[in-house]
file model01.pdb (PDB, C-alpha atoms and all ligand atoms)
ATOM      1  CA  MET U   1     -28.982 -11.244  -9.264  1.00  0.00           C
ATOM      2  CA  ASP U   2     -25.476 -11.906  -8.140  1.00  0.00           C
ATOM      3  CA  ARG U   3     -23.077 -11.594 -11.018  1.00  0.00           C
ATOM      4  CA  LEU U   4     -19.872 -11.393  -9.040  1.00  0.00           C
ATOM      5  CA  THR U   5     -17.236 -14.017  -9.612  1.00  0.00           C
ATOM      6  CA  PRO U   6     -16.136 -15.840  -6.461  1.00  0.00           C
ATOM      7  CA  GLN U   7     -12.950 -13.814  -6.543  1.00  0.00           C
ATOM      8  CA  GLN U   8     -14.800 -10.503  -6.723  1.00  0.00           C
ATOM      9  CA  ARG U   9     -17.115 -11.579  -3.976  1.00  0.00           C
ATOM     10  CA  SER U  10     -14.324 -12.512  -1.631  1.00  0.00           C
ATOM     11  CA  SER U  11     -12.510  -9.259  -2.283  1.00  0.00           C
ATOM     12  CA  ARG U  12     -15.691  -7.322  -1.489  1.00  0.00           C
ATOM     13  CA  MET U  13     -16.113  -9.245   1.684  1.00  0.00           C
ATOM     14  CA  ALA U  14     -12.524  -8.531   2.607  1.00  0.00           C
ATOM     15  CA  GLY U  15     -14.016  -5.091   2.624  1.00  0.00           C
ATOM     16  CA  VAL U  16     -11.929  -2.130   3.421  1.00  0.00           C
ATOM     17  CA  ARG U  17      -9.211  -2.100   0.799  1.00  0.00           C
ATOM     18  CA  GLN U  18     -10.497  -0.010  -2.052  1.00  0.00           C
ATOM     19  CA  LYS U  19      -8.720   0.444  -5.323  1.00  0.00           C
ATOM     20  CA  HIS U  20      -7.802   3.767  -6.869  1.00  0.00           C
ATOM     21  CA  THR U  21      -8.182   5.839  -3.722  1.00  0.00           C
ATOM     22  CA  ALA U  22      -7.096   9.481  -3.742  1.00  0.00           C
ATOM     23  CA  PRO U  23      -3.815   8.822  -1.847  1.00  0.00           C
ATOM     24  CA  GLU U  24      -3.050   5.986  -4.225  1.00  0.00           C
ATOM     25  CA  LEU U  25      -3.644   8.193  -7.258  1.00  0.00           C
ATOM     26  CA  ARG U  26      -1.360  10.813  -5.757  1.00  0.00           C
ATOM     27  CA  LEU U  27       1.434   8.321  -5.240  1.00  0.00           C
ATOM     28  CA  ARG U  28       0.994   6.994  -8.755  1.00  0.00           C
ATOM     29  CA  SER U  29       1.317  10.418 -10.282  1.00  0.00           C
ATOM     30  CA  LEU U  30       4.438  11.170  -8.219  1.00  0.00           C
ATOM     31  CA  LEU U  31       6.016   7.867  -9.248  1.00  0.00           C
ATOM     32  CA  HIS U  32       5.100   8.510 -12.836  1.00  0.00           C
ATOM     33  CA  ALA U  33       6.573  12.021 -12.718  1.00  0.00           C
ATOM     34  CA  ALA U  34       9.792  10.546 -11.328  1.00  0.00           C
ATOM     35  CA  GLY U  35       9.958   8.204 -14.296  1.00  0.00           C
ATOM     36  CA  TYR U  36       9.192   4.908 -12.588  1.00  0.00           C
ATOM     37  CA  ARG U  37       7.343   2.178 -14.372  1.00  0.00           C
ATOM     38  CA  PHE U  38       4.797   0.321 -12.325  1.00  0.00           C
ATOM     39  CA  ARG U  39       1.802  -1.940 -12.480  1.00  0.00           C
ATOM     40  CA  LEU U  40      -1.392  -1.839 -10.483  1.00  0.00           C
ATOM     41  CA  HIS U  41      -3.233  -4.352  -8.343  1.00  0.00           C
ATOM     42  CA  ARG U  42      -1.299  -7.438  -9.327  1.00  0.00           C
ATOM     43  CA  GLY U  43      -3.799 -10.105  -8.365  1.00  0.00           C
ATOM     44  CA  ASP U  44      -1.209 -12.827  -8.832  1.00  0.00           C
ATOM     45  CA  LEU U  45       0.787 -11.542  -5.847  1.00  0.00           C
ATOM     46  CA  PRO U  46      -0.160 -12.074  -2.202  1.00  0.00           C
ATOM     47  CA  GLY U  47      -2.429  -9.314  -0.976  1.00  0.00           C
ATOM     48  CA  THR U  48      -2.801  -7.715  -4.423  1.00  0.00           C
ATOM     49  CA  PRO U  49      -0.388  -4.828  -3.798  1.00  0.00           C
ATOM     50  CA  ASP U  50      -1.688  -1.445  -4.932  1.00  0.00           C
ATOM     51  CA  ILE U  51       1.446  -0.636  -6.870  1.00  0.00           C
ATOM     52  CA  VAL U  52       4.177  -2.948  -8.088  1.00  0.00           C
ATOM     53  CA  LEU U  53       7.522  -1.930  -9.552  1.00  0.00           C
ATOM     54  CA  PRO U  54       8.579  -5.167 -11.214  1.00  0.00           C
ATOM     55  CA  SER U  55      12.063  -4.018 -12.181  1.00  0.00           C
ATOM     56  CA  ARG U  56      12.851  -3.253  -8.539  1.00  0.00           C
ATOM     57  CA  ARG U  57      10.861  -6.124  -7.143  1.00  0.00           C
ATOM     58  CA  THR U  58       9.106  -3.673  -4.908  1.00  0.00           C
ATOM     59  CA  ALA U  59       5.470  -3.768  -3.874  1.00  0.00           C
ATOM     60  CA  ILE U  60       3.722  -0.769  -2.344  1.00  0.00           C
ATOM     61  CA  PHE U  61       0.596  -0.712  -0.235  1.00  0.00           C
ATOM     62  CA  VAL U  62      -1.167   2.592   0.222  1.00  0.00           C
ATOM     63  CA  ASN U  63      -2.922   2.355   3.566  1.00  0.00           C
ATOM     64  CA  GLY U  64      -5.685   4.460   4.988  1.00  0.00           C
ATOM     65  CA  CYS U  65      -4.572   5.673   8.426  1.00  0.00           C
ATOM     66  CA  PHE U  66      -7.786   4.809  10.176  1.00  0.00           C
ATOM     67  CA  TRP U  67      -8.383   1.337   8.790  1.00  0.00           C
ATOM     68  CA  HIS U  68      -4.819   0.205   9.157  1.00  0.00           C
ATOM     69  CA  GLY U  69      -4.168   1.762  12.525  1.00  0.00           C
ATOM     70  CA  HIS U  70      -1.455   4.260  11.705  1.00  0.00           C
ATOM     71  CA  ASP U  71       0.152   5.960  14.684  1.00  0.00           C
ATOM     72  CA  CYS U  72      -0.992   9.440  13.694  1.00  0.00           C
ATOM     73  CA  ARG U  73      -3.907  11.771  14.283  1.00  0.00           C
ATOM     74  CA  ALA U  74      -6.088  10.283  11.593  1.00  0.00           C
ATOM     75  CA  GLY U  75      -5.277   6.797  12.817  1.00  0.00           C
ATOM     76  CA  ARG U  76      -6.790   7.161  16.242  1.00  0.00           C
ATOM     77  CA  ALA U  77      -9.724   4.924  16.949  1.00  0.00           C
ATOM     78  CA  PRO U  78     -12.963   6.692  17.823  1.00  0.00           C
ATOM     79  CA  THR U  79     -13.770   6.904  21.507  1.00  0.00           C
ATOM     80  CA  SER U  80     -17.177   5.298  21.082  1.00  0.00           C
ATOM     81  CA  ASN U  81     -17.448   1.628  20.230  1.00  0.00           C
ATOM     82  CA  GLN U  82     -13.764   1.265  20.947  1.00  0.00           C
ATOM     83  CA  ALA U  83     -13.736  -2.500  21.302  1.00  0.00           C
ATOM     84  CA  TYR U  84     -15.428  -2.939  17.955  1.00  0.00           C
ATOM     85  CA  TRP U  85     -13.063  -0.656  16.105  1.00  0.00           C
ATOM     86  CA  SER U  86      -9.915  -1.847  17.721  1.00  0.00           C
ATOM     87  CA  GLU U  87     -10.789  -5.427  16.867  1.00  0.00           C
ATOM     88  CA  LYS U  88     -11.464  -4.532  13.242  1.00  0.00           C
ATOM     89  CA  ILE U  89      -8.325  -2.466  12.936  1.00  0.00           C
ATOM     90  CA  SER U  90      -6.041  -4.954  14.601  1.00  0.00           C
ATOM     91  CA  GLY U  91      -7.474  -7.622  12.280  1.00  0.00           C
ATOM     92  CA  ASN U  92      -6.424  -5.466   9.349  1.00  0.00           C
ATOM     93  CA  GLN U  93      -2.972  -4.982  10.844  1.00  0.00           C
ATOM     94  CA  VAL U  94      -2.534  -8.724  11.209  1.00  0.00           C
ATOM     95  CA  ARG U  95      -3.556  -9.217   7.587  1.00  0.00           C
ATOM     96  CA  ASP U  96      -1.175  -6.453   6.504  1.00  0.00           C
ATOM     97  CA  ARG U  97       1.711  -8.207   8.214  1.00  0.00           C
ATOM     98  CA  LEU U  98       0.806 -11.564   6.694  1.00  0.00           C
ATOM     99  CA  LYS U  99       0.638 -10.067   3.225  1.00  0.00           C
ATOM    100  CA  ALA U 100       3.974  -8.347   3.665  1.00  0.00           C
ATOM    101  CA  SER U 101       5.720 -11.449   4.887  1.00  0.00           C
ATOM    102  CA  ALA U 102       4.217 -13.573   2.096  1.00  0.00           C
ATOM    103  CA  LEU U 103       5.609 -11.096  -0.416  1.00  0.00           C
ATOM    104  CA  GLU U 104       8.971 -10.919   1.307  1.00  0.00           C
ATOM    105  CA  ASN U 105       9.195 -14.692   1.223  1.00  0.00           C
ATOM    106  CA  LEU U 106       8.829 -14.450  -2.540  1.00  0.00           C
ATOM    107  CA  GLY U 107      11.713 -11.996  -2.656  1.00  0.00           C
ATOM    108  CA  TRP U 108       9.737  -8.778  -2.868  1.00  0.00           C
ATOM    109  CA  ARG U 109      10.505  -5.645  -0.945  1.00  0.00           C
ATOM    110  CA  VAL U 110       7.386  -4.248   0.642  1.00  0.00           C
ATOM    111  CA  LEU U 111       6.762  -0.563   1.281  1.00  0.00           C
ATOM    112  CA  THR U 112       3.830   0.963   3.076  1.00  0.00           C
ATOM    113  CA  VAL U 113       2.750   4.475   2.252  1.00  0.00           C
ATOM    114  CA  TRP U 114       0.295   6.071   4.629  1.00  0.00           C
ATOM    115  CA  GLU U 115      -2.567   8.231   3.557  1.00  0.00           C
ATOM    116  CA  CYS U 116      -1.391  11.082   5.796  1.00  0.00           C
ATOM    117  CA  GLU U 117       2.103  11.171   4.318  1.00  0.00           C
ATOM    118  CA  ILE U 118       1.015  11.150   0.691  1.00  0.00           C
ATOM    119  CA  LYS U 119      -2.251  13.055   0.755  1.00  0.00           C
ATOM    120  CA  LYS U 120      -0.732  16.478   0.270  1.00  0.00           C
ATOM    121  CA  ALA U 121       2.727  15.427  -0.839  1.00  0.00           C
ATOM    122  CA  SER U 122       4.345  17.177  -3.755  1.00  0.00           C
ATOM    123  CA  ALA U 123       7.250  14.735  -3.817  1.00  0.00           C
ATOM    124  CA  LEU U 124       7.701  11.056  -3.104  1.00  0.00           C
ATOM    125  CA  PRO U 125       7.985  10.319   0.618  1.00  0.00           C
ATOM    126  CA  ASP U 126      11.626   9.993   1.633  1.00  0.00           C
ATOM    127  CA  HIS U 127      11.457   6.334   2.528  1.00  0.00           C
ATOM    128  CA  VAL U 128      10.025   5.513  -0.874  1.00  0.00           C
ATOM    129  CA  ALA U 129      12.538   7.610  -2.754  1.00  0.00           C
ATOM    130  CA  GLU U 130      15.376   6.060  -0.744  1.00  0.00           C
ATOM    131  CA  CYS U 131      14.193   2.571  -1.536  1.00  0.00           C
ATOM    132  CA  LEU U 132      13.888   3.192  -5.233  1.00  0.00           C
ATOM    133  CA  THR U 133      17.162   5.024  -5.587  1.00  0.00           C
ATOM    134  CA  PRO U 134      20.097   4.919  -5.813  1.00  0.00           C
ATOM    135  CA  LEU U 135      20.288   3.209  -9.127  1.00  0.00           C
ATOM    136  CA  PRO U 136      22.771   0.316  -9.252  1.00  0.00           C
ATOM    137  CA  TRP U 137      25.616   2.349 -10.737  1.00  0.00           C
ATOM    138  CA  HIS U 138      25.413   4.819  -7.871  1.00  0.00           C
ATOM    139  CA  SER U 139      24.998   2.365  -5.067  1.00  0.00           C
ATOM    140  CA  GLN U 140      28.625   1.996  -3.991  1.00  0.00           C
ATOM    141  CA  SER U 141      29.566   5.664  -3.991  1.00  0.00           C
ATOM    142  CA  GLY U 142      28.672   6.349  -0.357  1.00  0.00           C
ATOM    143  CA  GLN U 143      28.867   9.741   1.309  1.00  0.00           C
ATOM    144  CA  SER U 144      32.212  10.861   2.589  1.00  0.00           C
TER
HETATM  145 ZN    ZN P   1      -1.310   8.467   9.233  1.00  0.00          ZN
END
call {"tool": "encode", "arguments": {"input": "model01.pdb", "output": "C-alpha cells", "more": "lines below"}}
Ligand SMILES: [Zn+2]
result
Amino acid sequence: MDRLTPQQRSSRMAGVRQKHTAPELRLRSLLHAAGYRFRLHRGDLPGTPDIVLPSRRTAIFVNGCFWHGHDCRAGRAPTSNQAYWSEKISGNQVRDRLKASALENLGWRVLTVWECEIKKASALPDHVAECLTPLPWHSQSGQS
C-alpha cells in the first residue's frame, strides 16, 4: 500500500537529497553553539533549504560532495560508468543552481556548505561565519 502524499512521493523520486545527514547535523550544532537561530527544511521555500536563518534571510544547503559534484577528492566521479554518473551529477548541479537562483530572486542569500568542509569541522567554515557576521552595528568599522 502506498501511503505517501504526492509531495512525499515527489521528494523521494527527486532522490538524492536526504534530510538530517551527518554533515548537516554537524553544521546545525556549530550554528547552535554560535548562538544562531535557524529553521530546518522550509518546504515553503524553493528547493527546501536544509537550514534557514530567517533573521538574516540566509538559506544553507549542505551538499554531499559526490552527488553534487564538488571539486574535491570525494567529489570525483567513479571511473566506471562515467557517462551515467556524470549525467546524474550534472543534473543535480543544474537543479542546485536553479534552486539557488529562485531563492535569490526572492531576496534570500544562499550558502552552500560541502560535506568535506564540515565533516570534521570544529568551527563554522569561514565563508559561513563571514556571511553571518558582522552584526549590523559592526558592519561599517572596516579594518585599517
Ligand atoms: Zn568536497
call {"tool": "closest_residue", "arguments": {"input": "model01.pdb", "among": "U:Asn92, U:Asn81, U:Asn105, U:Thr58", "to": "U:Cys131", "atoms": "all atoms listed in the file"}}
result
U:Thr58
call {"tool": "resolve_selection", "arguments": {"input": "model01.pdb", "expression": "the PyMOL selection byres (((chain U and resi 127) around 12) and not hetatm)", "output": "tab-separated table (two decimals) with C-alpha atoms, in the coordinates of the input"}}
result
chain	number	residue	atom	x	y	z
U	60	ILE	CA	3.72	-0.77	-2.34
U	110	VAL	CA	7.39	-4.25	0.64
U	111	LEU	CA	6.76	-0.56	1.28
U	112	THR	CA	3.83	0.96	3.08
U	113	VAL	CA	2.75	4.47	2.25
U	114	TRP	CA	0.30	6.07	4.63
U	117	GLU	CA	2.10	11.17	4.32
U	118	ILE	CA	1.01	11.15	0.69
U	123	ALA	CA	7.25	14.74	-3.82
U	124	LEU	CA	7.70	11.06	-3.10
U	125	PRO	CA	7.98	10.32	0.62
U	126	ASP	CA	11.63	9.99	1.63
U	128	VAL	CA	10.02	5.51	-0.87
U	129	ALA	CA	12.54	7.61	-2.75
U	130	GLU	CA	15.38	6.06	-0.74
U	131	CYS	CA	14.19	2.57	-1.54
U	132	LEU	CA	13.89	3.19	-5.23
U	133	THR	CA	17.16	5.02	-5.59
call {"tool": "residues_near_ligand", "arguments": {"input": "model01.pdb", "ligand": "ligand ZN 1 (chain P)", "cutoff": "6 Å", "atoms": "all atoms listed in the file", "output": "JSON, numbers by chain"}}
result
{"U": [65, 70, 72, 74, 75, 114, 115, 116]}
call {"tool": "residues_around", "arguments": {"input": "model01.pdb", "residues": "U:His41", "least_positions_apart": "3", "cutoff": "7 Å", "atoms": "all atoms listed in the file", "output": "PyMOL selection string"}}
result
chain U and resi 48-51
call {"tool": "closest_residue", "arguments": {"input": "model01.pdb", "among": "U:Gln82, U:Ser90, U:Ser101, U:Ser122", "to": "U:Ala59", "atoms": "all atoms listed in the file"}}
result
U:Ser101
call {"tool": "atom_distance", "arguments": {"input": "model01.pdb", "atom1": "atom CA of U:Arg95", "atom2": "atom CA of U:Arg26"}}
result
24.2 Å
call {"tool": "closest_residue", "arguments": {"input": "model01.pdb", "among": "U:Pro78, U:Arg28, U:Phe61, U:Phe66", "to": "U:Arg42", "atoms": "only C-alpha atoms"}}
result
U:Phe61
call {"tool": "atom_distance", "arguments": {"input": "model01.pdb", "atom1": "atom CA of U:Ala100", "atom2": "atom CA of U:Gly43"}}
result
14.4 Å
call {"tool": "atom_distance", "arguments": {"input": "model01.pdb", "atom1": "atom CA of U:Asp96", "atom2": "atom CA of U:Leu31"}}
result
22.5 Å
call {"tool": "axis_aligned_box", "arguments": {"input": "model01.pdb", "around": "stretch 30-43 of chain U", "padding_each_side": "5 Å", "output": "lines of an AutoDock Vina configuration file"}}
result
center_x = 3.1
center_y = 1.0
center_z = -11.3
size_x = 23.8
size_y = 32.1
size_z = 16.2
call {"tool": "residues_around", "arguments": {"input": "model01.pdb", "residues": "U:Gly69", "least_positions_apart": "5", "cutoff": "10 Å", "atoms": "only C-alpha atoms", "output": "list of chain:residue names"}}
result
U:Asn63, U:Gly64, U:Ala74, U:Gly75, U:Arg76, U:Ala77, U:Trp85, U:Ser86, U:Lys88, U:Ile89, U:Ser90, U:Gly91, U:Asn92, U:Gln93
call {"tool": "closest_residue", "arguments": {"input": "model01.pdb", "among": "U:Arg56, U:Lys119, U:Ala83, U:Trp108", "to": "U:Ser29", "atoms": "all atoms listed in the file"}}
result
U:Lys119
call {"tool": "closest_residue", "arguments": {"input": "model01.pdb", "among": "U:Ala121, U:Gly35, U:Arg109, U:Leu98", "to": "U:Pro54", "atoms": "only C-alpha atoms"}}
result
U:Arg109
call {"tool": "resolve_selection", "arguments": {"input": "model01.pdb", "expression": "the PyMOL selection byres (((chain U and resi 37) around 9) and not hetatm)", "output": "PyMOL selection string"}}
result
chain U and resi 31-32+35-36+38-39+52-55
call {"tool": "write_last_selection", "arguments": {"input": "model01.pdb", "atoms": "C-alpha atoms", "output": "CSV table (one decimal), in the frame of the given file"}}
result
chain,number,residue,atom,x,y,z
U,31,LEU,CA,6.0,7.9,-9.2
U,32,HIS,CA,5.1,8.5,-12.8
U,35,GLY,CA,10.0,8.2,-14.3
U,36,TYR,CA,9.2,4.9,-12.6
U,38,PHE,CA,4.8,0.3,-12.3
U,39,ARG,CA,1.8,-1.9,-12.5
U,52,VAL,CA,4.2,-2.9,-8.1
U,53,LEU,CA,7.5,-1.9,-9.6
U,54,PRO,CA,8.6,-5.2,-11.2
U,55,SER,CA,12.1,-4.0,-12.2
call {"tool": "decode", "arguments": {"input": "model01.pdb", "residues": "stretch 107-136 of chain U", "atoms": "N, CA, C and O atoms", "output": "PDB file, in the first residue's frame"}}
result
ATOM      1  N   GLY U 107      15.027  37.225  -2.678  1.00  0.00           N
ATOM      2  CA  GLY U 107      15.755  38.068  -1.733  1.00  0.00           C
ATOM      3  C   GLY U 107      16.531  37.302  -0.683  1.00  0.00           C
ATOM      4  O   GLY U 107      16.955  37.875   0.320  1.00  0.00           O
ATOM      5  N   TRP U 108      16.715  36.007  -0.900  1.00  0.00           N
ATOM      6  CA  TRP U 108      17.482  35.221   0.062  1.00  0.00           C
ATOM      7  C   TRP U 108      18.939  35.148  -0.365  1.00  0.00           C
ATOM      8  O   TRP U 108      19.253  35.126  -1.556  1.00  0.00           O
ATOM      9  N   ARG U 109      19.804  35.089   0.609  1.00  0.00           N
ATOM     10  CA  ARG U 109      21.202  34.787   0.338  1.00  0.00           C
ATOM     11  C   ARG U 109      21.369  33.270   0.459  1.00  0.00           C
ATOM     12  O   ARG U 109      20.818  32.659   1.385  1.00  0.00           O
ATOM     13  N   VAL U 110      22.091  32.699  -0.455  1.00  0.00           N
ATOM     14  CA  VAL U 110      22.203  31.249  -0.485  1.00  0.00           C
ATOM     15  C   VAL U 110      23.650  30.835  -0.238  1.00  0.00           C
ATOM     16  O   VAL U 110      24.571  31.315  -0.912  1.00  0.00           O
ATOM     17  N   LEU U 111      23.854  29.977   0.729  1.00  0.00           N
ATOM     18  CA  LEU U 111      25.188  29.453   1.014  1.00  0.00           C
ATOM     19  C   LEU U 111      25.186  27.951   0.767  1.00  0.00           C
ATOM     20  O   LEU U 111      24.199  27.277   1.037  1.00  0.00           O
ATOM     21  N   THR U 112      26.286  27.470   0.261  1.00  0.00           N
ATOM     22  CA  THR U 112      26.463  26.031   0.113  1.00  0.00           C
ATOM     23  C   THR U 112      27.590  25.593   1.030  1.00  0.00           C
ATOM     24  O   THR U 112      28.663  26.182   1.030  1.00  0.00           O
ATOM     25  N   VAL U 113      27.310  24.590   1.816  1.00  0.00           N
ATOM     26  CA  VAL U 113      28.346  24.002   2.665  1.00  0.00           C
ATOM     27  C   VAL U 113      28.573  22.583   2.181  1.00  0.00           C
ATOM     28  O   VAL U 113      27.630  21.803   2.030  1.00  0.00           O
ATOM     29  N   TRP U 114      29.831  22.275   1.903  1.00  0.00           N
ATOM     30  CA  TRP U 114      30.152  20.952   1.376  1.00  0.00           C
ATOM     31  C   TRP U 114      30.461  19.993   2.503  1.00  0.00           C
ATOM     32  O   TRP U 114      31.068  20.359   3.510  1.00  0.00           O
ATOM     33  N   GLU U 115      30.060  18.769   2.247  1.00  0.00           N
ATOM     34  CA  GLU U 115      30.309  17.681   3.187  1.00  0.00           C
ATOM     35  C   GLU U 115      31.758  17.658   3.666  1.00  0.00           C
ATOM     36  O   GLU U 115      32.039  17.523   4.846  1.00  0.00           O
ATOM     37  N   CYS U 116      32.715  17.826   2.709  1.00  0.00           N
ATOM     38  CA  CYS U 116      34.119  17.688   3.086  1.00  0.00           C
ATOM     39  C   CYS U 116      34.594  18.838   3.964  1.00  0.00           C
ATOM     40  O   CYS U 116      35.563  18.693   4.693  1.00  0.00           O
ATOM     41  N   GLU U 117      33.940  19.990   3.894  1.00  0.00           N
ATOM     42  CA  GLU U 117      34.431  21.109   4.698  1.00  0.00           C
ATOM     43  C   GLU U 117      33.793  21.151   6.074  1.00  0.00           C
ATOM     44  O   GLU U 117      34.262  21.856   6.960  1.00  0.00           O
ATOM     45  N   ILE U 118      32.712  20.382   6.259  1.00  0.00           N
ATOM     46  CA  ILE U 118      32.025  20.443   7.545  1.00  0.00           C
ATOM     47  C   ILE U 118      32.189  19.154   8.333  1.00  0.00           C
ATOM     48  O   ILE U 118      32.057  19.129   9.547  1.00  0.00           O
ATOM     49  N   LYS U 119      32.548  18.083   7.625  1.00  0.00           N
ATOM     50  CA  LYS U 119      32.506  16.757   8.241  1.00  0.00           C
ATOM     51  C   LYS U 119      33.288  16.694   9.549  1.00  0.00           C
ATOM     52  O   LYS U 119      32.829  16.144  10.534  1.00  0.00           O
ATOM     53  N   LYS U 120      34.493  17.258   9.522  1.00  0.00           N
ATOM     54  CA  LYS U 120      35.316  17.179  10.728  1.00  0.00           C
ATOM     55  C   LYS U 120      35.537  18.552  11.339  1.00  0.00           C
ATOM     56  O   LYS U 120      36.459  18.752  12.131  1.00  0.00           O
ATOM     57  N   ALA U 121      34.717  19.515  10.948  1.00  0.00           N
ATOM     58  CA  ALA U 121      34.956  20.886  11.389  1.00  0.00           C
ATOM     59  C   ALA U 121      34.637  21.050  12.868  1.00  0.00           C
ATOM     60  O   ALA U 121      33.684  20.473  13.376  1.00  0.00           O
ATOM     61  N   SER U 122      35.450  21.839  13.543  1.00  0.00           N
ATOM     62  CA  SER U 122      35.142  22.159  14.929  1.00  0.00           C
ATOM     63  C   SER U 122      34.691  23.611  15.049  1.00  0.00           C
ATOM     64  O   SER U 122      34.390  24.096  16.119  1.00  0.00           O
ATOM     65  N   ALA U 123      34.651  24.303  13.914  1.00  0.00           N
ATOM     66  CA  ALA U 123      34.140  25.669  13.891  1.00  0.00           C
ATOM     67  C   ALA U 123      33.389  25.853  12.585  1.00  0.00           C
ATOM     68  O   ALA U 123      33.566  25.076  11.644  1.00  0.00           O
ATOM     69  N   LEU U 124      32.586  26.887  12.516  1.00  0.00           N
ATOM     70  CA  LEU U 124      31.872  27.166  11.271  1.00  0.00           C
ATOM     71  C   LEU U 124      32.873  27.433  10.159  1.00  0.00           C
ATOM     72  O   LEU U 124      33.884  28.106  10.384  1.00  0.00           O
ATOM     73  N   PRO U 125      32.613  26.952   8.950  1.00  0.00           N
ATOM     74  CA  PRO U 125      33.505  27.298   7.837  1.00  0.00           C
ATOM     75  C   PRO U 125      33.573  28.813   7.672  1.00  0.00           C
ATOM     76  O   PRO U 125      32.582  29.508   7.906  1.00  0.00           O
ATOM     77  N   ASP U 126      34.740  29.298   7.271  1.00  0.00           N
ATOM     78  CA  ASP U 126      34.956  30.744   7.189  1.00  0.00           C
ATOM     79  C   ASP U 126      33.889  31.463   6.376  1.00  0.00           C
ATOM     80  O   ASP U 126      33.399  32.512   6.770  1.00  0.00           O
ATOM     81  N   HIS U 127      33.547  30.885   5.216  1.00  0.00           N
ATOM     82  CA  HIS U 127      32.616  31.631   4.369  1.00  0.00           C
ATOM     83  C   HIS U 127      31.233  31.730   4.990  1.00  0.00           C
ATOM     84  O   HIS U 127      30.498  32.674   4.725  1.00  0.00           O
ATOM     85  N   VAL U 128      30.901  30.784   5.847  1.00  0.00           N
ATOM     86  CA  VAL U 128      29.619  30.865   6.544  1.00  0.00           C
ATOM     87  C   VAL U 128      29.704  31.913   7.643  1.00  0.00           C
ATOM     88  O   VAL U 128      28.852  32.796   7.756  1.00  0.00           O
ATOM     89  N   ALA U 129      30.769  31.821   8.426  1.00  0.00           N
ATOM     90  CA  ALA U 129      30.934  32.775   9.523  1.00  0.00           C
ATOM     91  C   ALA U 129      30.972  34.209   8.986  1.00  0.00           C
ATOM     92  O   ALA U 129      30.359  35.113   9.552  1.00  0.00           O
ATOM     93  N   GLU U 130      31.663  34.399   7.861  1.00  0.00           N
ATOM     94  CA  GLU U 130      31.766  35.742   7.287  1.00  0.00           C
ATOM     95  C   GLU U 130      30.417  36.265   6.820  1.00  0.00           C
ATOM     96  O   GLU U 130      30.124  37.450   6.921  1.00  0.00           O
ATOM     97  N   CYS U 131      29.604  35.371   6.307  1.00  0.00           N
ATOM     98  CA  CYS U 131      28.286  35.784   5.841  1.00  0.00           C
ATOM     99  C   CYS U 131      27.360  36.157   6.981  1.00  0.00           C
ATOM    100  O   CYS U 131      26.497  37.004   6.836  1.00  0.00           O
ATOM    101  N   LEU U 132      27.515  35.471   8.091  1.00  0.00           N
ATOM    102  CA  LEU U 132      26.572  35.665   9.187  1.00  0.00           C
ATOM    103  C   LEU U 132      27.003  36.795  10.097  1.00  0.00           C
ATOM    104  O   LEU U 132      26.190  37.391  10.773  1.00  0.00           O
ATOM    105  N   THR U 133      28.282  37.070  10.134  1.00  0.00           N
ATOM    106  CA  THR U 133      28.785  38.228  10.843  1.00  0.00           C
ATOM    107  C   THR U 133      29.377  39.146   9.797  1.00  0.00           C
ATOM    108  O   THR U 133      29.586  38.704   8.673  1.00  0.00           O
ATOM    109  N   PRO U 134      29.694  40.366  10.009  1.00  0.00           N
ATOM    110  CA  PRO U 134      29.484  41.057  11.265  1.00  0.00           C
ATOM    111  C   PRO U 134      28.029  41.451  11.463  1.00  0.00           C
ATOM    112  O   PRO U 134      27.287  41.578  10.511  1.00  0.00           O
ATOM    113  N   LEU U 135      27.690  41.608  12.708  1.00  0.00           N
ATOM    114  CA  LEU U 135      26.360  42.094  13.029  1.00  0.00           C
ATOM    115  C   LEU U 135      26.252  43.543  12.564  1.00  0.00           C
ATOM    116  O   LEU U 135      27.267  44.216  12.396  1.00  0.00           O
ATOM    117  N   PRO U 136      25.029  44.025  12.357  1.00  0.00           N
ATOM    118  CA  PRO U 136      24.847  45.351  11.744  1.00  0.00           C
ATOM    119  C   PRO U 136      25.655  46.459  12.408  1.00  0.00           C
ATOM    120  O   PRO U 136      26.219  47.308  11.735  1.00  0.00           O
TER     121      PRO U 136
END
